[in-house]
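The next block holds one structure in the form of structure tokens; read it before the comments.
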Amino acid sequence: MKLWQGRLGGDVDERLNRLNQSIGFDARMVRQDILGSVAHAKMLGKIGVLTADECDAIVGGLNGILADLDGGALSIDMSAEDIHTFVEAELTARIGQPGKKLHTARSRNDQVALDLRMYLADEIAALSGRAKSAVAALIDIAEQHLETVMPGYTHLQRAQPVTLAHHLMAYAQMLLRDADRLADCRRRTMVSPLGSGALAGTGYPLDRQFVADEVGFRSVSENSLDAVADRDFVLELLSDLSILLSHLSRFAEEICLWCSWEFRFMALSDRFSTGSSIMPQKKNPDLAELIRGKAGRVYGALVALLTAVKGLPLSYNKDLQEDKEAVFDALDTANLCLDVLPPMLETAKFFPGRMREAAAAGFLNATDLADYLVGKGVPFRDAYQVSGALVRLCVEKGATLETLPLSEYQKLHPAFDEGVYAFIDLGNCVNRRNVYGGPAPEAVRVQIENARAKLSD
Ligand code: ARG
């Protein structure tokens with residue numbers, strides 16, 4: 001017998017249940033469903049719709065259910081239609097008549113919207129904590145590599161020298177913005193829809209702000225139709241998660257590259273690597289590959305829900321039930337990835353020698369060479385030409401700018417003197433880039449300090 005079988009007669013078809021049931025996934029909102037109901041019941045007591053005794057019985061019953069679930073004395077009946085139905089039926093089984101009054105002035109439409117908002121508010125807080133832990137791990141490693149020179153790339157071609165610290169901090173910045181976006185999303189999520197009823201509010205003189213305060217929300221929704229139909233807080237979270245996963249996937253791709261024998265900039269710990277069933281020599285960065293790949297799954301959840309809400313007429317439609325599997329899966333995925341990233345990085349080895357070798361071989365100081373001539377009064381465009389010609393000469397001779405004799409330099413421009421070698425030294429090239437936000441150790445120290453301050457915000 002369903003909760004809603006007033007008008008409909010007989011048993012529903014079993015195939016209806018299989019498509020209709022949501023308990024399999026909305027059971028994870030049980031705590032929020034109970035706490036939301038506690039708030040609702042207290043409010044009904046406050047405005048006199050429930051007597052004090054009824055209110056006490058309901059609140060006591062609900063708290064008892066929660067305690068029994070936590071203690072393991074009660075488990076969720078997975079044959080119930082959804083979590084709201086389960087809690088209400090369990091309550092009535094426990095306390096009888098007053099239990100049947102809980103749903104006064106409420107619909108599952110505003111109830112589910114409240115539950116999901118409460119659930120996501122908690123999850124978002126936990127997730128941004130994880131993102132911040134990843135930032136902390138990046139900062140710790142960056143601090144050890146302020147002077148580790150490595151090639152910076154554009155087009156995956158060696159471009160200009162940077163440091164490993166600066167490179168890692170680039171990802172720290174992305175994750176800090178992700179955490180900031182999540183905080184923003186959380187603020188918009190913590191608005192109470194309760195009191196919107198099925199769609200058209202209710203005739204009871206509800207104290208909606210009381211409910212919002214009880215569940216720790218800041219405000220109440222302004223339009224009952226919007227409140228039961230709106231899922232943009234879910235879409236916003238899915239967008240934030242998609243961006244987060246895009247960042248993780250870019251980093252993961254670099255980890256894969258850096259672990260390759262071609263780069264050998266780093267090696268993952270054996271604890272965070274896998275092998276091959278046939279090739280005995282293999283050590284594979286499967287976890288990094290999975291993080292890279294999981295982005296697709298999270299984008300999929302975003303697109304699935306965007307598609308589900310597209311063109312939906314107001315107000316509540318059952319299509320909206322699709323929000324939960326999408327967002328739960330995306331959250332689980334993001335949590336998995338963020339959980340593995342810090343220990344994977346903390347146990348990895350970085351190879352500064354290899355990075356320096358790569359930096360030395362790619363003419364990364366060619367821009368600095370041009371700047372050297374600019375310092376001697378040569379216009380940048382001319383200096384650029386001379387520097388390019390010198391690189392071509394080095395390529396022909398199999399030399400580097402550091403090893404090319406001064407006489408060769410002077411053949412191309414008379415302004416060169418011995419000082420050129422110090423000027424184009426890779427360490428000096430990095431140290432000179434001391435602009436705010438640049439890779440010089442001093443500048444990266446400032447960057448780290450600022451990031452730390454954001455972490456403790
Ligand atoms: N399981 C439903 C959902 O997730 C709860 C709301 C049901 N409302 C209704 N009118 N059938 O959306």
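Ordering of the structure tokens sets the chain letters (A, B, ...); residue numbers start at 1 within each chain; ligands are numbered from 1 in the order shown.
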
How close does chain A get to ligand 1? List, as CSV, each residue of chain A within 10 Å, its nearest atom pair and the distance in Å to one decimal, counting only C-alpha atoms and all ligand atoms.
```
residue,atom,partner,partner_atom_place_in_ligand_line,distance
A:Trp4,CA,ligand 1,11 (N),8.9
A:Asn20,CA,ligand 1,1 (N),8.0
A:Gln21,CA,ligand 1,1 (N),7.2
A:Ser22,CA,ligand 1,1 (N),5.4
A:Ile23,CA,ligand 1,1 (N),7.7
A:Phe25,CA,ligand 1,4 (O),9.3
A:Asp26,CA,ligand 1,4 (O),7.2
A:Glu81,CA,ligand 1,1 (N),7.8
A:Asp82,CA,ligand 1,1 (N),5.7
A:Ile83,CA,ligand 1,1 (N),7.8
A:His84,CA,ligand 1,5 (C),7.6
A:Thr85,CA,ligand 1,5 (C),9.2
A:Ser107,CA,ligand 1,8 (N),7.4
A:Arg108,CA,ligand 1,6 (C),4.7
A:Asn109,CA,ligand 1,6 (C),4.8
A:Asp110,CA,ligand 1,6 (C),8.0
A:Gln111,CA,ligand 1,6 (C),7.5
A:Val112,CA,ligand 1,5 (C),5.4
A:Ala113,CA,ligand 1,12 (O),7.8
A:Asp115,CA,ligand 1,4 (O),9.6
A:Leu116,CA,ligand 1,4 (O),8.8
A:Ala198,CA,ligand 1,10 (N),7.2
A:Leu199,CA,ligand 1,10 (N),9.8
A:Val228,CA,ligand 1,12 (O),9.3
A:Ala229,CA,ligand 1,12 (O),9.7
A:Tyr316,CA,ligand 1,10 (N),7.0
A:Asn317,CA,ligand 1,10 (N),7.2
A:Lys318,CA,ligand 1,12 (O),5.7
A:Asp319,CA,ligand 1,12 (O),7.5
A:Leu320,CA,ligand 1,12 (O),5.3
A:Gln321,CA,ligand 1,4 (O),3.7
A:Glu322,CA,ligand 1,4 (O),7.1
A:Asp323,CA,ligand 1,4 (O),7.5
A:Lys324,CA,ligand 1,4 (O),7.0
A:Glu325,CA,ligand 1,4 (O),9.6
```

Let me see the file: selected residues, C-alpha atoms, as a PDB file, in the first residue's frame.
```pdb
ATOM      1  CA  TRP A   4      -0.625   8.060  -2.041  1.00  0.00           C
ATOM      2  CA  ASN A  20       9.493   4.670  -9.630  1.00  0.00           C
ATOM      3  CA  GLN A  21      11.360   3.692  -6.474  1.00  0.00           C
ATOM      4  CA  SER A  22      14.103   5.990  -5.288  1.00  0.00           C
ATOM      5  CA  ILE A  23      14.943   4.436  -1.909  1.00  0.00           C
ATOM      6  CA  PHE A  25      19.682   6.064  -3.769  1.00  0.00           C
ATOM      7  CA  ASP A  26      17.760   8.590  -1.652  1.00  0.00           C
ATOM      8  CA  GLU A  81       9.090   3.791  -2.149  1.00  0.00           C
ATOM      9  CA  ASP A  82      11.481   6.471  -0.996  1.00  0.00           C
ATOM     10  CA  ILE A  83      13.210   7.688   2.128  1.00  0.00           C
ATOM     11  CA  HIS A  84      10.396  10.088   3.050  1.00  0.00           C
ATOM     12  CA  THR A  85       7.860   7.284   2.970  1.00  0.00           C
ATOM     13  CA  SER A 107       4.509  17.800   0.373  1.00  0.00           C
ATOM     14  CA  ARG A 108       7.260  15.450  -0.643  1.00  0.00           C
ATOM     15  CA  ASN A 109       8.045  18.058  -3.257  1.00  0.00           C
ATOM     16  CA  ASP A 110       9.222  20.692  -0.800  1.00  0.00           C
ATOM     17  CA  GLN A 111      10.480  17.951   1.522  1.00  0.00           C
ATOM     18  CA  VAL A 112      12.794  16.370  -1.034  1.00  0.00           C
ATOM     19  CA  ALA A 113      14.077  19.777  -2.073  1.00  0.00           C
ATOM     20  CA  ASP A 115      16.530  17.120   2.143  1.00  0.00           C
ATOM     21  CA  LEU A 116      18.719  17.427  -0.906  1.00  0.00           C
ATOM     22  CA  ALA A 198       3.430  20.607  -3.514  1.00  0.00           C
ATOM     23  CA  LEU A 199       3.702  23.784  -5.569  1.00  0.00           C
ATOM     24  CA  VAL A 228       9.880  22.800  -5.825  1.00  0.00           C
ATOM     25  CA  ALA A 229      10.968  22.940  -9.467  1.00  0.00           C
ATOM     26  CA  TYR A 316       7.625  19.674  -9.859  1.00  0.00           C
ATOM     27  CA  ASN A 317       7.938  16.810 -12.330  1.00  0.00           C
ATOM     28  CA  LYS A 318       9.194  13.353 -11.534  1.00  0.00           C
ATOM     29  CA  ASP A 319      12.047  13.868 -13.981  1.00  0.00           C
ATOM     30  CA  LEU A 320      13.613  15.821 -11.134  1.00  0.00           C
ATOM     31  CA  GLN A 321      14.174  12.597  -9.230  1.00  0.00           C
ATOM     32  CA  GLU A 322      17.033  12.046 -11.684  1.00  0.00           C
ATOM     33  CA  ASP A 323      19.009  14.773  -9.926  1.00  0.00           C
ATOM     34  CA  LYS A 324      20.099  12.545  -7.070  1.00  0.00           C
ATOM     35  CA  GLU A 325      21.851   9.661  -8.785  1.00  0.00           C
TER      36      GLU A 325
END
```

### Task
Write down as an MDAnalysis selection string the residues of stretch 111-245 of chain A whose backbone DSSP state falls under alpha helix (DSSP H).
chainID A and resid 111:144 164:189 208:214 224:229 232:245

### Query
Among stretch 177-294 of chain A, which residues carry a DSSP assignment of strand (DSSP E or B), reported as number ranges by chain?
A: 191-192, 219-220, 266-267, 274, 284

### Task
Name the closest residue to A:Tyr153 among the candidates A:Lys454, A:Lys132, A:His167, A:Arg297; distances are taken between atoms, counting only C-alpha atoms.
A:His167

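Note that the spacing between atom CA of A:Ile255 and atom CA of A:Gln447 amounts to 22.4 Å.
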
Quick one: residues within 6 Å of A:Ser224, only C-alpha atoms, excluding same-chain residues fewer than 4 positions away - as a PDB file with C-alpha atoms, in the first residue's frame?
```pdb
ATOM      1  CA  SER A 196       6.182  25.660  -0.665  1.00  0.00           C
ATOM      2  CA  LEU A 199       3.702  23.784  -5.569  1.00  0.00           C
ATOM      3  CA  ALA A 200       1.261  26.431  -4.314  1.00  0.00           C
ATOM      4  CA  GLY A 201       2.308  26.928  -0.719  1.00  0.00           C
TER       5      GLY A 201
END
```

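The protein and nucleic acid residues lying at most 10 Å from A:Pro441 are A:Glu143, A:His145, A:Leu146, A:Glu147, A:Thr148, A:Val162, A:Thr163, A:Ala165, A:His166, A:Val430, A:Asn431, A:Arg432, A:Arg433, A:Asn434, A:Gln447, with only C-alpha atoms considered and sequence neighbours fewer than 6 positions away removed.
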
### Task
Return the single residue from A:Ala288, A:Ala399, A:Ala52, A:Leu302 that is closest to A:Met344, with distances computed using only C-alpha atoms.
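Residue with the minimum atom-to-atom distance to A:Met344: A:Ala288.
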